[in-house]
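A.B. asks: Coordinates in upload05.csv, CSV, C-alpha atoms and all ligand atoms, are listed below.
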chain,number,residue,atom,x,y,z
V,1,MET,CA,15.2,-10.5,-11.8
V,2,LYS,CA,15.7,-10.3,-15.6
V,3,LEU,CA,14.3,-13.2,-17.6
V,4,SER,CA,17.7,-13.9,-19.2
V,5,ARG,CA,19.3,-14.3,-15.8
V,6,ILE,CA,16.6,-16.7,-14.6
V,7,ILE,CA,17.1,-18.9,-17.7
V,8,SER,CA,20.9,-18.7,-17.5
V,9,ASN,CA,20.8,-19.7,-13.9
V,10,GLN,CA,19.6,-23.1,-15.1
V,11,ASN,CA,22.4,-25.6,-15.2
V,12,GLY,CA,24.5,-25.5,-18.3
V,13,ILE,CA,22.7,-22.6,-20.0
V,14,SER,CA,25.0,-19.7,-21.0
V,15,ARG,CA,23.7,-16.2,-21.1
V,16,GLN,CA,24.0,-16.2,-24.9
V,17,ARG,CA,22.0,-19.4,-25.2
V,18,ALA,CA,19.4,-18.0,-22.8
V,19,ASN,CA,18.9,-14.9,-25.0
V,20,ALA,CA,18.6,-17.2,-28.0
V,21,LEU,CA,16.0,-19.4,-26.3
V,22,ILE,CA,14.0,-16.3,-25.3
V,23,ALA,CA,14.2,-14.6,-28.8
V,24,THR,CA,13.1,-17.7,-30.6
V,25,GLY,CA,9.9,-18.1,-28.5
V,26,HIS,CA,10.9,-21.1,-26.3
V,27,VAL,CA,10.3,-19.3,-23.0
V,28,LYS,CA,6.9,-18.6,-21.4
V,29,VAL,CA,6.2,-16.3,-18.5
V,30,ASN,CA,2.8,-17.1,-16.8
V,31,GLY,CA,1.9,-19.2,-19.8
V,32,ARG,CA,2.6,-16.6,-22.5
V,33,ILE,CA,5.6,-16.5,-24.8
V,34,CYS,CA,8.0,-13.7,-23.8
V,35,ARG,CA,10.7,-12.7,-26.3
V,36,GLU,CA,12.2,-9.9,-24.2
V,37,PRO,CA,15.4,-11.0,-22.3
V,38,ARG,CA,15.3,-7.9,-20.2
V,39,HIS,CA,11.8,-8.6,-19.0
V,40,GLU,CA,11.6,-8.2,-15.2
V,41,VAL,CA,10.2,-11.3,-13.6
V,42,SER,CA,8.7,-11.1,-10.1
V,43,GLN,CA,8.5,-14.0,-7.6
V,44,PHE,CA,4.8,-14.2,-8.5
V,45,CYS,CA,5.5,-15.4,-12.1
V,46,THR,CA,5.9,-18.9,-13.4
V,47,VAL,CA,8.6,-19.5,-16.0
V,48,ALA,CA,8.8,-22.4,-18.4
V,49,ILE,CA,11.2,-23.5,-21.2
V,50,ASP,CA,9.4,-25.6,-23.8
V,51,GLU,CA,6.6,-26.5,-21.4
V,52,GLU,CA,9.0,-27.5,-18.6
V,53,THR,CA,8.4,-25.3,-15.6
V,54,ILE,CA,11.7,-24.1,-14.2
V,55,ARG,CA,10.3,-21.6,-11.7
V,56,THR,CA,7.0,-21.8,-9.9
V,57,ALA,CA,5.2,-18.7,-8.9
V,58,CYS,CA,5.0,-18.0,-5.2
V,59,PRO,CA,1.4,-17.1,-4.2
V,60,ALA,CA,0.7,-13.4,-3.9
V,61,HIS,CA,-1.5,-12.3,-1.0
V,62,TYR,CA,-3.6,-9.1,-0.9
V,63,LEU,CA,-5.7,-8.5,2.2
V,64,MET,CA,-7.8,-5.7,3.7
V,65,LEU,CA,-8.2,-5.6,7.5
V,66,ASN,CA,-10.5,-3.4,9.5
V,67,LYS,CA,-7.8,-2.3,12.0
V,68,PRO,CA,-9.1,-1.9,15.5
V,69,ALA,CA,-7.8,0.9,17.8
V,70,GLY,CA,-4.8,-0.2,20.0
V,71,TYR,CA,-3.1,-2.3,17.4
V,72,LEU,CA,0.3,-1.3,16.0
V,73,SER,CA,0.8,-1.3,12.2
V,74,ALA,CA,3.7,-3.8,12.5
V,75,THR,CA,4.5,-7.5,12.4
V,76,VAL,CA,5.8,-8.0,16.0
V,77,ASP,CA,6.1,-5.8,19.0
V,78,ASP,CA,7.0,-6.5,22.6
V,79,ALA,CA,4.6,-4.0,24.1
V,80,HIS,CA,1.5,-4.0,22.0
V,81,PRO,CA,-0.6,-6.3,19.9
V,82,THR,CA,0.0,-5.9,16.1
V,83,ALA,CA,-2.2,-5.8,13.0
V,84,VAL,CA,-0.3,-8.8,11.5
V,85,GLU,CA,-1.1,-10.9,14.6
V,86,LEU,CA,-4.8,-10.6,13.5
V,87,ILE,CA,-4.0,-12.5,10.3
V,88,ASP,CA,-4.2,-16.3,10.1
V,89,MET,CA,-0.8,-17.9,10.7
V,90,ASN,CA,-0.5,-19.5,7.2
V,91,LEU,CA,-1.1,-16.2,5.5
V,92,ARG,CA,1.2,-14.2,7.6
V,93,THR,CA,4.5,-15.1,6.1
V,94,ALA,CA,6.3,-12.2,4.4
V,95,LEU,CA,3.3,-9.9,4.7
V,96,HIS,CA,4.0,-6.2,5.0
V,97,ILE,CA,1.7,-3.2,5.5
V,98,ALA,CA,0.9,-1.0,2.6
V,99,GLY,CA,0.4,2.4,4.3
V,100,ARG,CA,0.5,2.3,8.1
V,101,LEU,CA,-2.1,3.6,10.5
V,102,ASP,CA,-1.2,5.0,14.0
V,103,ARG,CA,-1.9,2.8,17.0
V,104,ALA,CA,-5.0,4.7,17.9
V,105,SER,CA,-6.3,5.0,14.3
V,106,THR,CA,-8.8,2.5,12.9
V,107,GLY,CA,-10.1,1.4,9.5
V,108,LEU,CA,-8.7,0.2,6.2
V,109,LEU,CA,-5.3,-1.4,6.4
V,110,ILE,CA,-3.9,-3.3,3.4
V,111,LEU,CA,-1.4,-6.1,3.8
V,112,THR,CA,0.4,-7.9,1.0
V,113,ASN,CA,3.6,-9.7,0.2
V,114,ASP,CA,3.9,-7.9,-3.2
V,115,GLY,CA,6.3,-5.0,-2.8
V,116,ASN,CA,5.9,-3.6,-6.3
V,117,TRP,CA,2.1,-3.5,-5.9
V,118,SER,CA,2.2,-1.8,-2.5
V,119,ARG,CA,4.6,0.8,-3.8
V,120,ARG,CA,2.2,1.8,-6.5
V,121,LEU,CA,-0.5,2.3,-3.8
V,122,THR,CA,1.6,4.2,-1.3
V,123,GLU,CA,4.4,6.2,-3.1
V,124,PRO,CA,3.7,9.9,-2.6
V,125,ARG,CA,4.6,10.7,-6.3
V,126,ILE,CA,1.9,8.3,-7.5
V,127,LYS,CA,-0.7,10.4,-5.7
V,128,LYS,CA,-3.4,7.9,-4.9
V,129,PRO,CA,-6.1,9.4,-2.8
V,130,LYS,CA,-6.5,8.3,0.8
V,131,VAL,CA,-9.7,9.2,2.6
V,132,TYR,CA,-10.0,9.6,6.4
V,133,LYS,CA,-13.0,10.3,8.6
V,134,VAL,CA,-11.7,12.5,11.4
V,135,THR,CA,-13.1,14.0,14.6
V,136,THR,CA,-11.3,17.1,15.9
V,137,GLU,CA,-11.1,18.7,19.3
V,138,SER,CA,-12.1,22.2,18.1
V,139,PRO,CA,-14.4,23.3,15.2
V,140,ILE,CA,-12.8,23.1,11.8
V,141,SER,CA,-11.9,26.6,10.6
V,142,ALA,CA,-12.2,28.2,7.2
V,143,GLU,CA,-8.4,28.7,7.4
V,144,ALA,CA,-8.0,25.0,7.7
V,145,HIS,CA,-9.9,24.4,4.4
V,146,GLN,CA,-7.6,27.0,2.6
V,147,ARG,CA,-4.4,25.8,4.2
V,148,PHE,CA,-5.1,22.2,3.4
V,149,LYS,CA,-5.8,23.2,-0.2
V,150,ASP,CA,-2.6,25.3,-0.5
V,151,GLY,CA,-0.5,22.5,1.1
V,152,ILE,CA,1.1,22.6,4.5
V,153,TRP,CA,4.9,23.1,5.0
V,154,PHE,CA,6.5,20.1,6.8
V,155,GLU,CA,9.7,21.4,8.3
V,156,TYR,CA,11.2,18.0,9.1
V,157,GLU,CA,10.8,16.7,5.5
V,158,GLN,CA,11.4,20.2,4.0
V,159,LEU,CA,8.3,19.8,1.7
V,160,ARG,CA,4.9,21.2,1.1
V,161,THR,CA,2.1,18.6,1.2
V,162,SER,CA,0.0,18.1,-2.0
V,163,PRO,CA,-3.3,19.9,-2.0
V,164,ALA,CA,-5.7,18.1,0.3
V,165,HIS,CA,-9.5,18.4,0.6
V,166,ILE,CA,-11.7,18.7,3.7
V,167,GLU,CA,-15.4,17.8,3.4
V,168,GLU,CA,-17.0,19.0,6.6
V,169,LEU,CA,-19.6,16.7,8.0
V,170,SER,CA,-20.3,18.7,11.2
V,171,GLU,CA,-18.5,21.3,13.3
V,172,CYS,CA,-15.8,18.9,14.5
V,173,GLN,CA,-16.1,16.0,12.0
V,174,ALA,CA,-14.8,15.9,8.4
V,175,ARG,CA,-13.8,13.6,5.6
V,176,VAL,CA,-10.3,14.4,4.6
V,177,THR,CA,-8.6,13.4,1.3
V,178,ILE,CA,-4.8,13.4,1.0
V,179,TYR,CA,-2.7,12.2,-1.9
V,180,GLU,CA,0.4,11.1,0.0
V,181,GLY,CA,0.9,9.1,3.2
V,182,ARG,CA,3.6,10.9,5.2
V,183,TYR,CA,4.3,10.1,8.8
V,184,HIS,CA,1.3,11.1,10.9
V,185,GLN,CA,0.3,13.3,8.0
V,186,VAL,CA,-3.3,14.1,8.8
V,187,LYS,CA,-2.6,14.7,12.5
V,188,ARG,CA,0.3,17.0,11.7
V,189,MET,CA,-1.8,19.0,9.2
V,190,PHE,CA,-4.5,19.7,11.8
V,191,ARG,CA,-1.8,20.6,14.3
V,192,ALA,CA,-0.4,23.1,11.8
V,193,VAL,CA,-3.8,24.9,11.8
V,194,GLY,CA,-4.1,24.9,15.6
V,195,ASN,CA,-6.5,21.9,16.0
V,196,ARG,CA,-6.1,18.4,17.2
V,197,ILE,CA,-7.5,15.1,16.0
V,198,THR,CA,-9.3,12.9,18.6
V,199,SER,CA,-10.2,10.1,16.2
V,200,LEU,CA,-9.1,9.0,12.7
V,201,HIS,CA,-10.6,6.3,10.6
V,202,ARG,CA,-9.3,5.4,7.1
V,203,GLU,CA,-12.2,4.7,4.7
V,204,SER,CA,-10.3,4.1,1.4
V,205,MET,CA,-7.0,4.0,-0.4
V,206,GLY,CA,-7.0,4.6,-4.2
V,207,SER,CA,-10.3,3.0,-5.3
V,208,ILE,CA,-10.2,0.3,-2.5
V,209,GLN,CA,-13.0,1.0,0.0
V,210,LEU,CA,-13.1,-0.6,3.5
V,211,ASP,CA,-15.7,-3.3,3.2
V,212,PRO,CA,-18.6,-2.4,5.5
V,213,GLU,CA,-19.2,-6.1,6.3
V,214,LEU,CA,-15.8,-6.3,8.1
V,215,MET,CA,-16.1,-5.8,11.9
V,216,PRO,CA,-13.0,-4.4,13.6
V,217,GLY,CA,-10.3,-7.1,13.6
V,218,GLN,CA,-11.8,-8.9,10.6
V,219,TYR,CA,-10.1,-9.1,7.2
V,220,ARG,CA,-10.7,-10.5,3.7
V,221,THR,CA,-8.8,-11.1,0.5
V,222,LEU,CA,-9.0,-8.3,-2.0
V,223,THR,CA,-11.0,-9.1,-5.1
V,224,ALA,CA,-9.3,-9.3,-8.5
V,225,ALA,CA,-10.8,-6.0,-9.4
V,226,GLU,CA,-9.4,-4.3,-6.3
V,227,VAL,CA,-6.0,-5.7,-6.9
V,228,ASP,CA,-6.1,-4.6,-10.6
V,229,SER,CA,-7.2,-1.1,-9.6
V,230,VAL,CA,-3.7,-0.3,-8.2
B,1,LIG,N1,-2.4,10.3,9.2
B,1,LIG,C1,-2.2,10.2,10.6
B,1,LIG,O1,-2.0,11.2,11.2
B,1,LIG,N2,-2.4,9.1,11.1
B,1,LIG,C2,-2.7,7.9,10.5
B,1,LIG,O2,-2.8,6.8,11.1
B,1,LIG,C3,-2.8,8.0,9.1
B,1,LIG,C4,-2.7,9.2,8.5
As structure tokens, please, write out the structure in this file.
Ligand code: URA
C.D. replies:
Amino acid sequence: MKLSRIISNQNGISRQRANALIATGHVKVNGRICREPRHEVSQFCTVAIDEETIRTACPAHYLMLNKPAGYLSATVDDAHPTAVELIDMNLRTALHIAGRLDRASTGLLILTNDGNWSRRLTEPRIKKPKVYKVTTESPISAEAHQRFKDGIWFEYEQLRTSPAHIEELSECQARVTIYEGRYHQVKRMFRAVGNRITSLHRESMGSIQLDPELMPGQYRTLTAAEVDSV
């Protein structure tokens, strides 16, 4: 919400008076004077007029979970356990998943209540790398390397995937880097080159790496540096 709107939502303050208060340095956002009436204020910001707090920041949560196989990337489901159910009750409220993993897939899952932040991590146009370790049914072909590099046509979305990279670890194992996060993207890319994935494990998103200390089902809060990297 715009800062001027927050101020003018206070009893008895007109929009004009709100703009004047802001312009003359009476308003602080997160403890710092803000003179821009159009400044966008998220729910994670504190706002004060002359040292009187008129809006308290709601706490932002940023978590990484080592998702075990068999858990849905969802909050609730009638048929299957969900990733959010692995999170402590008092942290769960309003969490959403920043970049789902399929039920059988494992590894780095990020949960937050900060929608702007998670969009920066997952929006295809922002092109943050996502790294997956995969096992395939058949040996990875030279054609797969080239087709991944050229981008693969997704008929349903009518788009070509951004260039992706395969680092072969053995005949049927590779580390794959993609720069989007489309529905079943890695599986569909392998299917397009006549192969099939038998296991998929996410190692990183952007510069956030899955913490090797986390056993499947365990989670921790992201560090300030991890949050700021997005
Ligand atoms: N691509 C897939 O196919 N599945 C996932 O879970 C993540 C990326």
A.B. asks: Which is closer to ligand LIG 1 (chain B) than all the others in V:Glu137, V:Asp150, V:Glu180, V:Glu171, using all atoms listed in the file?
C.D. replies: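 Nearest candidate to ligand LIG 1 (chain B) out of V:Glu137, V:Asp150, V:Glu180, V:Glu171: V:Glu180.
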A.B. asks: I'd like the neighbourhood of stretch 45-50 of chain V as a PyMOL selection string, where a residue qualifies if any of its atoms comes within 7 Å (using all atoms listed in the file), though same-chain residues fewer than 2 positions away should be ignored.
C.D. replies: chain V and resi 26-30+41-43+52-57
A.B. asks: Can you tell me which residues come within 8 Å of ligand LIG 1 (chain B) when counting only C-alpha atoms and all ligand atoms, ideally as a ChimeraX atom specification?
C.D. replies: /V:100-106,132,181-188,200-202
A.B. asks: Using all atoms listed in the file, determine which residues lie at most 6 Å from V:Pro37, disregarding the query and same-chain residues fewer than 3 positions distant; provide the list as a list of chain:residue names.
C.D. replies: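 In the requested format, the answer is V:Leu3, V:Ser4, V:Asn19.
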A.B. asks: May I have the residues within 8 Å of stretch 220-228 of chain V as a PyMOL selection string, using only C-alpha atoms and disregarding those fewer than 6 positions away in the same chain?
C.D. replies: chain V and resi 61-65+207-208+214
A.B. asks: Please identify all polymer residues lying at most 9 Å from the point (15.6, -8.9, -27.6) (file coordinates), using all atoms listed in the file, and present the result as a short mmCIF file (atom, residue, chain, number, x, y, z; two decimals) with C-alpha atoms, in the frame of the given file.
C.D. replies:
data_model
loop_
_atom_site.label_atom_id
_atom_site.label_comp_id
_atom_site.auth_asym_id
_atom_site.auth_seq_id
_atom_site.Cartn_x
_atom_site.Cartn_y
_atom_site.Cartn_z
CA ASN V 19 18.90 -14.90 -25.00
CA ALA V 20 18.60 -17.20 -28.00
CA ILE V 22 14.00 -16.30 -25.30
CA ALA V 23 14.20 -14.60 -28.80
CA ARG V 35 10.70 -12.70 -26.30
CA GLU V 36 12.20 -9.90 -24.20
CA PRO V 37 15.40 -11.00 -22.30
CA ARG V 38 15.30 -7.90 -20.20
#
A.B. asks: Give the answer as one residue: which of V:Met215, V:Pro59, V:Pro124, V:Phe190 has the shortest atom-to-atom distance to V:Cys172, using all atoms listed in the file?
C.D. replies: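 Of V:Met215, V:Pro59, V:Pro124, V:Phe190, the one nearest V:Cys172, counting all atoms listed in the file, is V:Phe190.
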A.B. asks: So which residues touch V:Arg119 within 8 Å, counting all atoms listed in the file, skipping near sequence neighbours fewer than 4 positions away, as a list in words?
C.D. replies: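 Once the adjacent positions are removed, what remains is Ala98, Gly115 and Glu123 of chain V.
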A.B. asks: Find the residue from V:Trp153, V:Phe148, V:Cys58, V:Ile140 that sits nearest to V:Arg196; use only C-alpha atoms when measuring.
C.D. replies: V:Ile140
A.B. asks: Please fill the gaps in stretch 16-30 of chain V so it has N, CA and C atoms, and write that as a PDB file, in the coordinates of the input.
C.D. replies:
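After the write, part.pdb holds the following:
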ATOM      1  N   GLN V  16      24.234 -16.324 -23.424  1.00  0.00           N
ATOM      2  CA  GLN V  16      24.000 -16.200 -24.900  1.00  0.00           C
ATOM      3  C   GLN V  16      22.875 -17.163 -25.321  1.00  0.00           C
ATOM      4  N   ARG V  17      22.984 -18.410 -24.820  1.00  0.00           N
ATOM      5  CA  ARG V  17      22.000 -19.400 -25.200  1.00  0.00           C
ATOM      6  C   ARG V  17      20.600 -19.029 -24.595  1.00  0.00           C
ATOM      7  N   ALA V  18      20.634 -18.463 -23.391  1.00  0.00           N
ATOM      8  CA  ALA V  18      19.400 -18.000 -22.800  1.00  0.00           C
ATOM      9  C   ALA V  18      18.700 -16.983 -23.641  1.00  0.00           C
ATOM     10  N   ASN V  19      19.484 -16.001 -24.098  1.00  0.00           N
ATOM     11  CA  ASN V  19      18.900 -14.900 -25.000  1.00  0.00           C
ATOM     12  C   ASN V  19      18.336 -15.536 -26.231  1.00  0.00           C
ATOM     13  N   ALA V  20      19.037 -16.545 -26.778  1.00  0.00           N
ATOM     14  CA  ALA V  20      18.600 -17.200 -28.000  1.00  0.00           C
ATOM     15  C   ALA V  20      17.255 -17.925 -27.768  1.00  0.00           C
ATOM     16  N   LEU V  21      17.184 -18.649 -26.658  1.00  0.00           N
ATOM     17  CA  LEU V  21      16.000 -19.400 -26.300  1.00  0.00           C
ATOM     18  C   LEU V  21      14.768 -18.424 -26.198  1.00  0.00           C
ATOM     19  N   ILE V  22      15.046 -17.292 -25.555  1.00  0.00           N
ATOM     20  CA  ILE V  22      14.000 -16.300 -25.300  1.00  0.00           C
ATOM     21  C   ILE V  22      13.552 -15.708 -26.695  1.00  0.00           C
ATOM     22  N   ALA V  23      14.543 -15.292 -27.479  1.00  0.00           N
ATOM     23  CA  ALA V  23      14.200 -14.600 -28.800  1.00  0.00           C
ATOM     24  C   ALA V  23      13.490 -15.528 -29.721  1.00  0.00           C
ATOM     25  N   THR V  24      13.718 -16.825 -29.625  1.00  0.00           N
ATOM     26  CA  THR V  24      13.100 -17.700 -30.600  1.00  0.00           C
ATOM     27  C   THR V  24      11.773 -18.345 -30.035  1.00  0.00           C
ATOM     28  N   GLY V  25      11.278 -17.780 -28.961  1.00  0.00           N
ATOM     29  CA  GLY V  25       9.900 -18.100 -28.500  1.00  0.00           C
ATOM     30  C   GLY V  25       9.832 -19.441 -27.708  1.00  0.00           C
ATOM     31  N   HIS V  26      10.950 -19.881 -27.106  1.00  0.00           N
ATOM     32  CA  HIS V  26      10.900 -21.100 -26.300  1.00  0.00           C
ATOM     33  C   HIS V  26      10.532 -20.875 -24.852  1.00  0.00           C
ATOM     34  N   VAL V  27      10.444 -19.608 -24.471  1.00  0.00           N
ATOM     35  CA  VAL V  27      10.300 -19.300 -23.000  1.00  0.00           C
ATOM     36  C   VAL V  27       8.905 -18.661 -22.800  1.00  0.00           C
ATOM     37  N   LYS V  28       8.205 -19.179 -21.774  1.00  0.00           N
ATOM     38  CA  LYS V  28       6.900 -18.600 -21.400  1.00  0.00           C
ATOM     39  C   LYS V  28       6.969 -18.045 -19.992  1.00  0.00           C
ATOM     40  N   VAL V  29       6.343 -16.884 -19.810  1.00  0.00           N
ATOM     41  CA  VAL V  29       6.200 -16.300 -18.500  1.00  0.00           C
ATOM     42  C   VAL V  29       4.669 -16.295 -18.216  1.00  0.00           C
ATOM     43  N   ASN V  30       4.274 -16.933 -17.142  1.00  0.00           N
ATOM     44  CA  ASN V  30       2.800 -17.100 -16.800  1.00  0.00           C
ATOM     45  C   ASN V  30       2.038 -17.590 -18.009  1.00  0.00           C
TER      46      ASN V  30
END
